[in-house]
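Below: coords25.csv (CSV, C-alpha atoms)
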```csv
chain,number,residue,atom,x,y,z
I,29,MET,CA,10.9,0.6,-23.6
I,30,SER,CA,12.4,-2.4,-21.8
I,31,ILE,CA,13.7,-2.3,-18.2
I,32,THR,CA,17.1,-3.2,-19.5
I,33,ALA,CA,17.2,-0.2,-21.8
I,34,ILE,CA,16.3,2.4,-19.1
I,35,LEU,CA,18.2,1.1,-16.1
I,36,GLY,CA,21.8,1.7,-15.3
I,37,GLN,CA,24.2,1.0,-12.5
I,38,ARG,CA,24.9,4.4,-11.1
I,39,THR,CA,22.7,5.8,-8.3
I,40,TYR,CA,22.7,8.8,-6.1
I,41,PRO,CA,21.4,7.8,-2.7
I,42,CYS,CA,18.3,9.2,-1.0
I,43,GLN,CA,20.0,10.3,2.3
I,44,LEU,CA,18.1,9.8,5.5
I,45,LYS,CA,19.5,9.6,9.0
I,46,GLN,CA,18.6,6.1,10.3
I,47,GLY,CA,18.3,4.6,13.7
I,48,PHE,CA,18.8,1.0,14.6
I,49,LEU,CA,15.8,-0.3,16.6
I,50,PHE,CA,14.1,-3.4,15.2
I,51,SER,CA,10.9,-5.4,14.9
I,52,ASN,CA,9.4,-8.4,16.5
I,53,PRO,CA,11.5,-11.4,15.4
I,54,ASN,CA,8.7,-13.9,15.7
I,55,LYS,CA,6.3,-12.5,13.1
I,56,ILE,CA,7.3,-13.0,9.4
I,57,LYS,CA,4.6,-10.7,8.1
I,58,PHE,CA,5.9,-7.7,10.0
I,59,ILE,CA,9.6,-8.0,8.9
I,60,GLY,CA,10.6,-5.3,6.4
I,61,ALA,CA,6.9,-4.7,5.5
I,62,ILE,CA,4.7,-1.6,5.5
I,63,PHE,CA,1.1,-2.2,6.3
I,64,LEU,CA,-1.3,-0.2,4.2
I,65,MET,CA,-3.5,1.4,6.7
I,66,PHE,CA,-3.3,4.8,5.0
I,67,MET,CA,-3.6,5.8,1.3
I,68,GLY,CA,-2.7,9.0,-0.6
I,69,VAL,CA,-5.2,11.5,-2.0
I,70,PHE,CA,-5.2,15.1,-3.0
I,71,GLY,CA,-7.2,18.0,-1.6
I,72,MET,CA,-10.4,19.0,-3.3
I,73,ASN,CA,-12.5,22.2,-3.6
I,74,GLU,CA,-15.6,22.7,-1.5
I,75,VAL,CA,-17.6,19.5,-1.1
I,76,HIS,CA,-21.4,18.9,-0.9
I,77,ALA,CA,-22.5,15.7,0.9
I,78,LYS,CA,-25.3,13.4,-0.3
I,79,LEU,CA,-26.5,11.1,2.5
I,80,PRO,CA,-28.5,8.2,0.9
I,81,ASP,CA,-31.0,6.0,2.7
I,82,ALA,CA,-29.6,3.0,4.5
I,83,ASP,CA,-28.5,0.5,1.8
I,84,PRO,CA,-30.4,-2.8,2.1
I,85,SER,CA,-27.4,-4.7,0.7
I,86,VAL,CA,-25.4,-4.1,3.8
I,87,SER,CA,-27.0,-7.1,5.6
I,88,GLN,CA,-25.8,-9.4,2.8
I,89,PHE,CA,-22.1,-9.2,3.6
I,90,THR,CA,-20.8,-12.2,5.6
I,91,LEU,CA,-17.5,-12.1,7.4
I,92,GLU,CA,-15.0,-14.9,6.6
I,93,LYS,CA,-14.8,-17.3,9.5
I,94,LYS,CA,-11.1,-18.1,8.8
I,95,GLY,CA,-8.8,-15.4,7.5
I,96,ARG,CA,-5.3,-15.5,5.9
I,97,ASP,CA,-2.3,-13.2,6.0
I,98,PHE,CA,-3.1,-10.9,3.0
I,99,ALA,CA,-1.0,-7.7,3.3
I,100,ALA,CA,-1.4,-5.5,0.3
I,101,ILE,CA,-3.5,-5.3,-2.9
I,102,SER,CA,-2.9,-3.6,-6.3
I,103,ILE,CA,-5.4,-3.5,-9.2
I,104,HIS,CA,-4.5,-3.6,-12.9
I,105,PRO,CA,-5.9,-0.8,-15.0
I,106,ASN,CA,-8.3,-3.2,-16.6
I,107,GLY,CA,-10.0,-3.8,-13.2
I,108,ASP,CA,-10.1,-7.5,-13.7
I,109,GLU,CA,-6.7,-8.5,-12.3
I,110,TRP,CA,-5.5,-8.3,-8.7
I,111,LEU,CA,-2.0,-8.4,-7.4
I,112,PHE,CA,-1.4,-9.0,-3.7
I,113,THR,CA,0.9,-10.5,-1.2
I,114,GLU,CA,0.4,-13.3,1.4
I,115,CYS,CA,2.8,-14.1,4.2
I,116,THR,CA,2.4,-17.6,5.5
I,117,THR,CA,4.1,-20.9,6.6
I,118,GLU,CA,1.8,-23.0,4.3
I,119,LEU,CA,4.5,-23.7,1.7
I,120,ASP,CA,7.6,-23.1,3.8
I,121,PRO,CA,7.6,-24.0,7.5
I,122,LYS,CA,10.1,-21.2,8.1
I,123,GLY,CA,7.6,-18.7,6.6
I,124,ALA,CA,7.6,-16.7,3.3
I,125,CYS,CA,5.9,-13.8,1.6
I,126,TYR,CA,4.5,-14.5,-1.9
I,127,VAL,CA,3.3,-12.3,-4.7
I,128,LEU,CA,0.0,-13.6,-6.1
I,129,HIS,CA,-2.1,-12.8,-9.2
I,130,TYR,CA,-5.9,-13.3,-9.2
I,131,ASP,CA,-8.1,-13.0,-12.2
I,132,LEU,CA,-11.6,-11.9,-11.3
I,133,LYS,CA,-13.1,-13.4,-14.5
I,134,THR,CA,-11.5,-16.8,-14.6
I,135,LYS,CA,-11.2,-17.1,-10.8
I,136,GLN,CA,-7.6,-18.5,-11.3
I,137,LEU,CA,-4.9,-17.8,-8.8
I,138,LYS,CA,-1.2,-17.6,-9.9
I,139,ARG,CA,2.0,-17.2,-7.9
I,140,TYR,CA,5.1,-15.5,-9.3
I,141,ASP,CA,8.0,-17.9,-9.0
I,142,LEU,CA,10.3,-15.2,-7.7
I,143,PRO,CA,14.0,-15.7,-6.8
I,144,ALA,CA,14.3,-17.6,-3.5
I,145,GLY,CA,15.9,-16.3,-0.3
I,146,TYR,CA,13.7,-13.2,0.1
I,147,LEU,CA,10.5,-12.1,1.7
I,148,TYR,CA,8.4,-10.2,-0.8
I,149,SER,CA,6.2,-7.9,1.3
I,150,TYR,CA,4.7,-5.6,-1.3
I,151,ALA,CA,3.9,-5.5,-5.0
I,152,ASN,CA,2.3,-2.8,-7.1
I,153,TYR,CA,1.2,-2.5,-10.7
I,154,SER,CA,2.5,0.5,-12.7
I,155,PRO,CA,-0.3,3.0,-13.8
I,156,LEU,CA,-0.3,1.6,-17.3
I,157,GLY,CA,-0.1,-2.0,-16.1
I,158,ASN,CA,3.1,-2.8,-18.0
I,159,TYR,CA,5.3,-3.3,-14.9
I,160,ILE,CA,5.2,-4.6,-11.3
I,161,VAL,CA,7.4,-3.1,-8.6
I,162,MET,CA,8.1,-4.9,-5.4
I,163,SER,CA,10.0,-4.6,-2.1
I,164,ARG,CA,11.8,-7.5,-0.6
I,165,THR,CA,14.1,-8.3,2.3
I,166,PRO,CA,16.6,-11.2,2.7
I,167,LYS,CA,15.3,-14.2,4.7
I,168,HIS,CA,17.0,-14.7,8.1
I,169,ASP,CA,17.1,-16.7,11.3
I,170,SER,CA,14.7,-14.2,13.2
I,171,SER,CA,17.4,-13.0,15.6
I,172,GLU,CA,17.3,-9.2,16.2
I,173,GLU,CA,20.7,-8.7,14.6
I,174,LYS,CA,19.6,-10.6,11.5
I,175,ILE,CA,16.3,-8.7,11.3
I,176,GLN,CA,18.1,-5.4,11.4
I,177,GLN,CA,20.5,-6.6,8.7
I,178,ALA,CA,17.6,-7.7,6.5
I,179,ILE,CA,15.8,-4.4,6.7
I,180,GLU,CA,19.0,-2.5,6.1
I,181,HIS,CA,19.5,-4.6,3.0
I,182,SER,CA,16.0,-4.4,1.7
I,183,GLU,CA,15.7,-4.0,-2.1
I,184,ILE,CA,13.3,-2.8,-4.7
I,185,VAL,CA,12.8,-5.0,-7.7
I,186,MET,CA,10.8,-4.7,-10.9
I,187,MET,CA,9.7,-6.8,-13.8
I,188,ARG,CA,7.1,-6.8,-16.6
I,189,SER,CA,3.7,-8.0,-15.6
I,190,ASP,CA,4.2,-11.3,-17.3
I,191,GLY,CA,7.4,-12.0,-15.2
I,192,ALA,CA,9.9,-11.0,-17.8
I,193,ASP,CA,12.9,-8.6,-17.3
I,194,PHE,CA,13.2,-9.1,-13.6
I,195,ARG,CA,15.8,-6.7,-12.1
I,196,VAL,CA,17.0,-5.3,-8.8
I,197,LEU,CA,17.1,-1.5,-8.9
I,198,PRO,CA,20.6,-0.2,-8.0
I,199,ILE,CA,19.5,2.0,-5.0
I,200,ASP,CA,21.6,2.8,-2.0
I,201,GLN,CA,21.5,0.5,1.0
I,202,GLY,CA,18.8,1.1,3.6
I,203,SER,CA,15.1,0.5,4.4
I,204,LYS,CA,13.1,0.7,1.2
I,205,LEU,CA,9.4,0.0,1.3
I,206,ALA,CA,6.2,0.0,-0.8
I,207,PRO,CA,7.4,1.2,-4.2
I,208,PHE,CA,5.1,2.8,-6.8
I,209,MET,CA,5.6,4.1,-10.3
I,210,SER,CA,5.0,7.4,-12.0
I,211,LYS,CA,2.2,7.8,-14.6
I,212,ASP,CA,4.8,7.7,-17.4
I,213,GLU,CA,6.6,4.7,-15.9
I,214,THR,CA,10.0,6.4,-15.8
I,215,LYS,CA,10.3,6.8,-12.0
I,216,VAL,CA,9.9,4.6,-9.0
I,217,ALA,CA,9.0,6.3,-5.7
I,218,TYR,CA,9.2,4.5,-2.3
I,219,TRP,CA,9.0,5.0,1.4
I,220,ARG,CA,12.3,5.1,3.3
I,221,SER,CA,12.2,4.9,7.1
I,222,GLY,CA,14.7,6.7,9.4
I,223,VAL,CA,14.0,4.6,12.5
I,224,LEU,CA,13.3,0.9,13.0
I,225,ARG,CA,11.1,0.6,16.1
I,226,PRO,CA,11.6,-1.7,19.1
I,227,PRO,CA,10.1,-5.2,19.6
I,228,GLU,CA,6.3,-5.4,20.3
I,229,SER,CA,5.6,-2.1,18.6
I,230,ARG,CA,2.5,-1.9,16.4
I,231,SER,CA,4.7,-1.0,13.4
I,232,THR,CA,8.2,-1.8,12.4
I,233,SER,CA,9.4,1.6,11.4
I,234,ALA,CA,9.0,5.4,11.8
I,235,ASP,CA,10.3,8.7,10.4
I,236,PHE,CA,9.1,8.0,6.9
I,237,ASP,CA,9.8,10.1,3.8
I,238,ILE,CA,9.2,9.6,0.1
I,239,CYS,CA,12.3,9.0,-2.1
I,240,GLU,CA,12.3,8.7,-5.9
I,241,TYR,CA,14.5,6.7,-8.2
I,242,ASP,CA,14.7,8.0,-11.8
I,243,LEU,CA,15.0,5.1,-14.3
I,244,VAL,CA,16.3,7.4,-17.0
I,245,THR,CA,18.9,9.5,-15.2
I,246,LYS,CA,19.7,6.8,-12.7
I,247,SER,CA,19.4,9.2,-9.8
I,248,ASP,CA,17.9,8.7,-6.3
I,249,HIS,CA,16.7,11.6,-4.2
I,250,LEU,CA,14.1,12.8,-1.7
I,251,PHE,CA,10.9,13.7,-3.5
I,252,ALA,CA,10.2,16.4,-0.9
I,253,GLY,CA,11.0,17.2,2.7
I,254,PRO,CA,12.3,15.6,4.8
I,255,HIS,CA,9.1,15.5,6.8
I,256,HIS,CA,9.7,12.4,9.0
I,257,PHE,CA,6.1,11.1,8.9
I,258,PHE,CA,5.3,8.9,12.0
I,259,GLY,CA,3.8,6.2,9.7
I,260,GLY,CA,3.7,5.6,6.0
I,261,GLY,CA,1.2,3.9,3.8
I,262,ASN,CA,0.1,3.6,0.2
I,263,ALA,CA,0.9,6.5,-2.1
I,264,GLN,CA,0.4,7.4,-5.7
I,265,TYR,CA,1.5,9.9,-8.3
I,266,VAL,CA,-1.3,12.4,-9.2
I,267,SER,CA,1.0,14.2,-11.6
I,268,SER,CA,4.7,14.2,-12.4
I,269,ASP,CA,5.2,16.7,-9.5
I,270,GLU,CA,2.6,15.6,-6.9
I,271,ILE,CA,2.2,12.5,-4.8
I,272,LEU,CA,-0.8,11.6,-2.7
I,273,LEU,CA,-0.2,9.8,0.5
I,274,GLY,CA,-1.6,8.6,3.8
I,275,SER,CA,0.0,9.0,7.1
I,276,TYR,CA,-0.9,9.1,10.8
I,277,GLY,CA,1.0,12.4,11.0
I,278,PRO,CA,4.5,13.9,11.2
I,279,GLY,CA,6.8,12.6,13.8
I,280,LYS,CA,7.5,16.0,15.3
I,281,TYR,CA,3.9,15.9,16.7
I,282,ALA,CA,4.2,12.5,18.2
I,283,GLN,CA,3.9,13.8,21.8
I,284,SER,CA,0.8,15.9,20.9
I,285,MET,CA,-0.7,13.8,18.0
I,286,GLY,CA,-4.2,14.0,19.5
I,287,GLU,CA,-4.2,17.8,19.4
I,288,TYR,CA,-2.7,17.8,15.9
I,289,LEU,CA,-5.3,15.5,14.5
I,290,LYS,CA,-8.1,17.4,16.3
I,291,LYS,CA,-7.0,20.6,14.6
I,292,PHE,CA,-7.4,18.9,11.2
I,293,ASN,CA,-10.6,17.0,12.0
I,294,GLY,CA,-8.8,13.7,12.3
I,295,SER,CA,-7.6,13.7,8.6
I,296,GLU,CA,-4.7,11.4,7.8
I,297,VAL,CA,-4.5,12.4,4.1
I,298,TYR,CA,-1.7,14.5,2.6
I,299,LYS,CA,-0.6,15.8,-0.8
I,300,LEU,CA,3.1,16.2,-1.4
I,301,LYS,CA,4.6,18.5,-4.1
I,302,ARG,CA,8.0,17.9,-5.5
I,303,LYS,CA,10.9,19.7,-3.8
I,304,THR,CA,8.7,21.3,-1.1
I,305,VAL,CA,10.4,21.6,2.2
I,306,ASP,CA,7.5,22.9,4.3
I,307,LEU,CA,5.3,20.3,5.9
I,308,PRO,CA,1.9,20.2,4.1
I,309,SER,CA,-1.3,20.3,6.2
I,310,PRO,CA,-3.7,17.3,5.9
I,311,SER,CA,-6.3,17.4,3.2
I,312,PHE,CA,-10.1,16.6,3.2
I,313,THR,CA,-10.5,18.2,6.6
I,314,THR,CA,-14.2,18.8,6.0
I,315,ILE,CA,-14.7,15.0,6.3
I,316,GLU,CA,-14.2,13.7,9.8
I,317,HIS,CA,-11.4,11.1,10.2
I,318,ALA,CA,-10.7,11.1,6.4
I,319,ARG,CA,-8.3,8.3,5.6
I,320,ASN,CA,-7.6,5.3,3.3
I,321,PRO,CA,-8.1,7.2,0.0
I,322,SER,CA,-7.4,6.3,-3.6
I,323,VAL,CA,-8.2,7.9,-7.0
I,324,ASP,CA,-9.6,6.4,-10.2
I,325,LYS,CA,-8.7,7.4,-13.7
I,326,ASP,CA,-11.6,9.9,-13.9
I,327,GLY,CA,-10.4,11.8,-10.8
I,328,ASN,CA,-13.0,10.5,-8.4
I,329,VAL,CA,-11.5,10.2,-4.9
I,330,TYR,CA,-12.5,7.3,-2.6
I,331,LEU,CA,-11.8,7.2,1.1
I,332,THR,CA,-13.3,6.3,4.5
I,333,GLY,CA,-14.7,8.8,7.0
I,334,GLN,CA,-17.4,9.2,9.6
I,335,PRO,CA,-20.3,11.4,8.5
I,336,PRO,CA,-22.3,12.2,11.7
I,337,THR,CA,-25.6,10.6,10.6
I,338,LEU,CA,-24.0,7.4,9.1
I,339,GLY,CA,-21.0,6.5,11.1
I,340,SER,CA,-18.1,4.7,9.5
I,341,SER,CA,-18.6,4.8,5.7
I,342,PHE,CA,-16.9,4.6,2.4
I,343,ALA,CA,-17.1,7.7,0.2
I,344,ARG,CA,-16.7,8.8,-3.4
I,345,ILE,CA,-15.9,12.4,-4.1
I,346,SER,CA,-16.3,13.6,-7.7
I,347,PRO,CA,-14.0,16.3,-9.3
I,348,SER,CA,-16.9,18.7,-8.8
I,349,GLY,CA,-17.0,18.0,-5.1
I,350,GLU,CA,-20.2,15.9,-4.8
I,351,ILE,CA,-19.9,13.1,-2.2
I,352,GLN,CA,-21.6,9.7,-2.3
I,353,TYR,CA,-21.5,7.7,1.0
I,354,TRP,CA,-21.9,3.9,1.5
I,355,ARG,CA,-22.3,2.9,5.2
I,356,GLU,CA,-20.0,0.1,6.1
I,357,PRO,CA,-21.9,-3.2,6.4
I,358,ILE,CA,-19.8,-4.7,9.1
I,359,ASN,CA,-19.0,-3.4,12.6
I,360,LEU,CA,-15.3,-3.0,12.1
I,361,GLY,CA,-14.8,0.7,12.4
I,362,LEU,CA,-12.0,2.5,10.6
I,363,SER,CA,-9.3,0.4,12.2
I,364,GLY,CA,-10.8,-2.9,10.9
I,365,PHE,CA,-9.4,-2.4,7.4
I,366,ARG,CA,-5.9,-3.3,6.3
I,367,GLN,CA,-6.3,-1.6,2.9
I,368,ILE,CA,-9.0,0.1,0.8
I,369,LEU,CA,-8.5,0.7,-2.9
I,370,ALA,CA,-10.7,1.8,-5.7
I,371,SER,CA,-10.3,0.0,-9.0
I,372,PRO,CA,-8.8,2.3,-11.7
I,373,ASN,CA,-12.0,2.2,-13.7
I,374,GLY,CA,-14.1,3.1,-10.7
I,375,ARG,CA,-16.4,0.0,-10.9
I,376,TYR,CA,-15.7,-1.2,-7.4
I,377,ILE,CA,-13.8,-0.6,-4.2
I,378,ALA,CA,-11.7,-3.6,-3.0
I,379,PHE,CA,-10.7,-3.9,0.6
I,380,ILE,CA,-8.7,-6.1,3.0
I,381,TYR,CA,-10.4,-6.4,6.4
I,382,VAL,CA,-9.6,-8.1,9.7
I,383,ALA,CA,-11.5,-11.4,9.7
I,384,GLU,CA,-10.3,-12.7,13.0
I,385,GLY,CA,-8.0,-11.9,15.9
I,386,THR,CA,-7.9,-9.0,18.4
I,387,ASN,CA,-4.1,-8.7,18.8
I,388,TYR,CA,-2.7,-6.7,16.0
I,389,ARG,CA,0.2,-9.0,15.3
I,390,ASP,CA,-2.0,-12.1,15.3
I,391,GLN,CA,-4.9,-10.8,13.2
I,392,LYS,CA,-6.0,-12.7,10.0
I,393,SER,CA,-7.5,-10.9,7.0
I,394,ALA,CA,-9.8,-11.4,4.1
I,395,PHE,CA,-11.0,-9.6,0.9
I,396,GLY,CA,-14.2,-7.9,0.1
I,397,ARG,CA,-15.6,-5.7,-2.6
I,398,LEU,CA,-18.1,-2.9,-2.9
I,399,GLU,CA,-19.8,-2.5,-6.3
I,400,THR,CA,-20.1,1.3,-6.8
I,401,THR,CA,-23.1,1.0,-9.2
I,402,SER,CA,-25.3,-1.4,-7.4
I,403,SER,CA,-24.0,-0.6,-3.9
I,404,LEU,CA,-23.6,-4.3,-3.3
I,405,TRP,CA,-21.0,-5.5,-0.7
I,406,THR,CA,-19.5,-8.9,-1.7
I,407,PRO,CA,-17.1,-11.2,0.2
I,408,MET,CA,-14.3,-12.4,-1.9
I,409,THR,CA,-13.0,-16.0,-1.6
I,410,ILE,CA,-9.5,-16.5,-2.8
I,411,PRO,CA,-8.3,-20.0,-3.8
I,412,ALA,CA,-5.9,-21.8,-1.5
I,413,LEU,CA,-2.2,-20.8,-2.0
I,414,HIS,CA,-1.2,-24.4,-2.8
I,415,THR,CA,-3.5,-24.4,-5.8
I,416,ALA,CA,-1.8,-21.4,-7.5
I,417,ALA,CA,-0.2,-22.0,-10.9
I,418,LEU,CA,3.4,-20.8,-11.1
I,419,VAL,CA,4.3,-17.8,-13.3
I,420,PRO,CA,8.0,-18.2,-14.4
I,421,ILE,CA,10.4,-15.3,-13.9
I,422,ARG,CA,12.9,-14.4,-16.6
I,423,LEU,CA,15.9,-12.3,-15.5
I,424,ALA,CA,16.8,-9.2,-17.4
I,425,THR,CA,19.9,-9.4,-19.5
I,426,GLU,CA,22.2,-6.5,-20.4
```

As structure tokens, what does this structure read like?
Amino acid sequence: MSITAILGQRTYPCQLKQGFLFSNPNKIKFIGAIFLMFMGVFGMNEVHAKLPDADPSVSQFTLEKKGRDFAAISIHPNGDEWLFTECTTELDPKGACYVLHYDLKTKQLKRYDLPAGYLYSYANYSPLGNYIVMSRTPKHDSSEEKIQQAIEHSEIVMMRSDGADFRVLPIDQGSKLAPFMSKDETKVAYWRSGVLRPPESRSTSADFDICEYDLVTKSDHLFAGPHHFFGGGNAQYVSSDEILLGSYGPGKYAQSMGEYLKKFNGSEVYKLKRKTVDLPSPSFTTIEHARNPSVDKDGNVYLTGQPPTLGSSFARISPSGEIQYWREPINLGLSGFRQILASPNGRYIAFIYVAEGTNYRDQKSAFGRLETTSSLWTPMTIPALHTAALVPIRLATE
């Protein structure tokens, strides 16, 4: 089914009360973007931990000496194609955010030649790999007024993976971030924030909830809640009626977040069921500081945590509840990762880590990969942006 065939012009807005604070005007990569420090997973049955011997491969991982501004990664169902964004001044002195495609087999980098005048902060493959959904904001002069206007006029766009049928979804005005598609590719869910935070804050927005646009009925509505999560991160559909998400916690506990997290063993993982009003409790509370999870096609869950005998580690949890840990090879701790994502086929775990910088807003990032079969940690070198071949975009026609 083509995008043209399933989209219409009518929309019913996802209503959220919005504030009007705004972000740091001097950092392109923080404007209208959501940084993927949390991922969605679902709760499991009782788990049984397996603590392997120290992995000799951990000493082989070498940190990149010079990072870049990678912000988000999505992996095609075939496991061989990466989709990610990079925000930089390399090609445009005023700064821009680009959507890039990297083929692990051919080592070729491509750049989607998307319509100009926008910052493309996030891109995500659909579960079947047929579509790409993205969030974008208009470019501006970096004044606080223009930043606020840009975020309020953010858009969700989608196209086929080859660049065809590019279209803006007719969703009501307001902050719209980090879209992702349902398993049957008929719905697009996204984060909508209720508050834009003041300058010099660690994040641009707060009071997040999941909204959903139905491509068939042309309706837009809250998926559940509202819950006003303090922070929002990557999320995915587990079924037609359940979304897995990561969040630092609900905003109503902002003044007592330490006590709230301690109650749930530091977990920042939630499962959200359609039309539920009550706030769900965090999942995976048996794993200390559970966060950054993702799920492969076989139902294995991948996350980070801190088993007492290993420290910061990656983990894989099977549907039967067995856990395999991989101790992190680099002394980054849980806060050193921008994003962690398992490939849909489960062959590896890709991650974006902080390669340099101590100030959050000035940090540079790089890619790495953990092979789940060999337990080998491998740095990933991405070709320079200026070498990327252009992928033409073809606008959808009625």

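Considering all atoms listed in the file, the residue among I:Ala217, I:Ala192, I:Ala282, I:Ile101 positioned nearest to Asp141 (chain I) is I:Ala192.
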
Tell me, as JSON, numbers by chain, which residues lie within 7 Å of Arg164 (chain I), counting only C-alpha atoms; anything in the same chain fewer than 5 positions away does not count.
{"I": [146, 147, 148, 149, 182, 183, 184]}

Residues of region 83-184 of chain I within 12 Å of region 263-274 of chain I: nearest atom pair and distance (Å, one decimal) for each, counting all atoms listed in the file, sorted by chain and number, as JSON lines?
```
{"residue": "I:Ser102", "atom": "CA", "partner": "I:Gln264", "partner_atom": "CA", "distance": 11.5}
{"residue": "I:Asn152", "atom": "CA", "partner": "I:Gln264", "partner_atom": "CA", "distance": 10.5}
{"residue": "I:Tyr153", "atom": "CA", "partner": "I:Gln264", "partner_atom": "CA", "distance": 11.1}
{"residue": "I:Ser154", "atom": "CA", "partner": "I:Gln264", "partner_atom": "CA", "distance": 10.1}
{"residue": "I:Pro155", "atom": "CA", "partner": "I:Tyr265", "partner_atom": "CA", "distance": 9.0}
```

Keeping only C-alpha atoms, write those residues as a CSV table (one decimal), in the frame of the given file.
```
chain,number,residue,atom,x,y,z
I,102,SER,CA,-2.9,-3.6,-6.3
I,152,ASN,CA,2.3,-2.8,-7.1
I,153,TYR,CA,1.2,-2.5,-10.7
I,154,SER,CA,2.5,0.5,-12.7
I,155,PRO,CA,-0.3,3.0,-13.8
```

Report the distance between CA of Gln352 (chain I) and CA of Lys301 (chain I) in Å, rounded to one decimal place.
27.7 Å

At a cut-off of 8 Å, using only C-alpha atoms, what residues contact Tyr381 (chain I)? Leave out same-chain residues fewer than 6 positions from it and give the result as a ChimeraX atom specification.
/I:364-367,393-396

Selection: 10 Å around Lys135 (chain I), all atoms listed in the file, excl. self and same-chain fewer than 4 positions, as a PyMOL selection string
chain I and resi 109+130-131+409-411

Which residue of I:Leu300, I:Glu114, I:Ala234, I:Phe251 approaches Tyr276 (chain I) most closely, using all atoms listed in the file
I:Ala234

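For the residues I:Val244, I:Val223, I:Ala151, I:Ala412, ranking by smallest atom-to-atom distance to Leu119 (chain I) using all atoms listed in the file places I:Ala412 first.
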
Fewer than 6 positions away in the same chain doesn't count, so skip those; otherwise give me all residues within 10 Å of Asp306 (chain I), counting only C-alpha atoms, as a list in words.
Ala252, Gly253, Pro254, His255 and Leu300 of chain I

Can I get the selection written as an mmCIF file, in the frame of the given file, with C-alpha atoms?
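Once everything was written out, this is part.cif:
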```cif
data_model
loop_
_atom_site.group_PDB
_atom_site.id
_atom_site.type_symbol
_atom_site.label_atom_id
_atom_site.label_comp_id
_atom_site.auth_asym_id
_atom_site.auth_seq_id
_atom_site.Cartn_x
_atom_site.Cartn_y
_atom_site.Cartn_z
ATOM 1 C CA ALA I 252 10.200 16.400 -0.900
ATOM 2 C CA GLY I 253 11.000 17.200 2.700
ATOM 3 C CA PRO I 254 12.300 15.600 4.800
ATOM 4 C CA HIS I 255 9.100 15.500 6.800
ATOM 5 C CA LEU I 300 3.100 16.200 -1.400
#
```

Could you tell me which of I:Ile421, I:Leu137, I:Val329, I:Ile351 comes closest to Ile377 (chain I) if we count all atoms listed in the file?
I:Val329

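Nearest to Tyr241 (chain I) of all the residues I:His104, I:Lys299, I:Arg220, I:Arg355 is I:Arg220, based on all atoms listed in the file.
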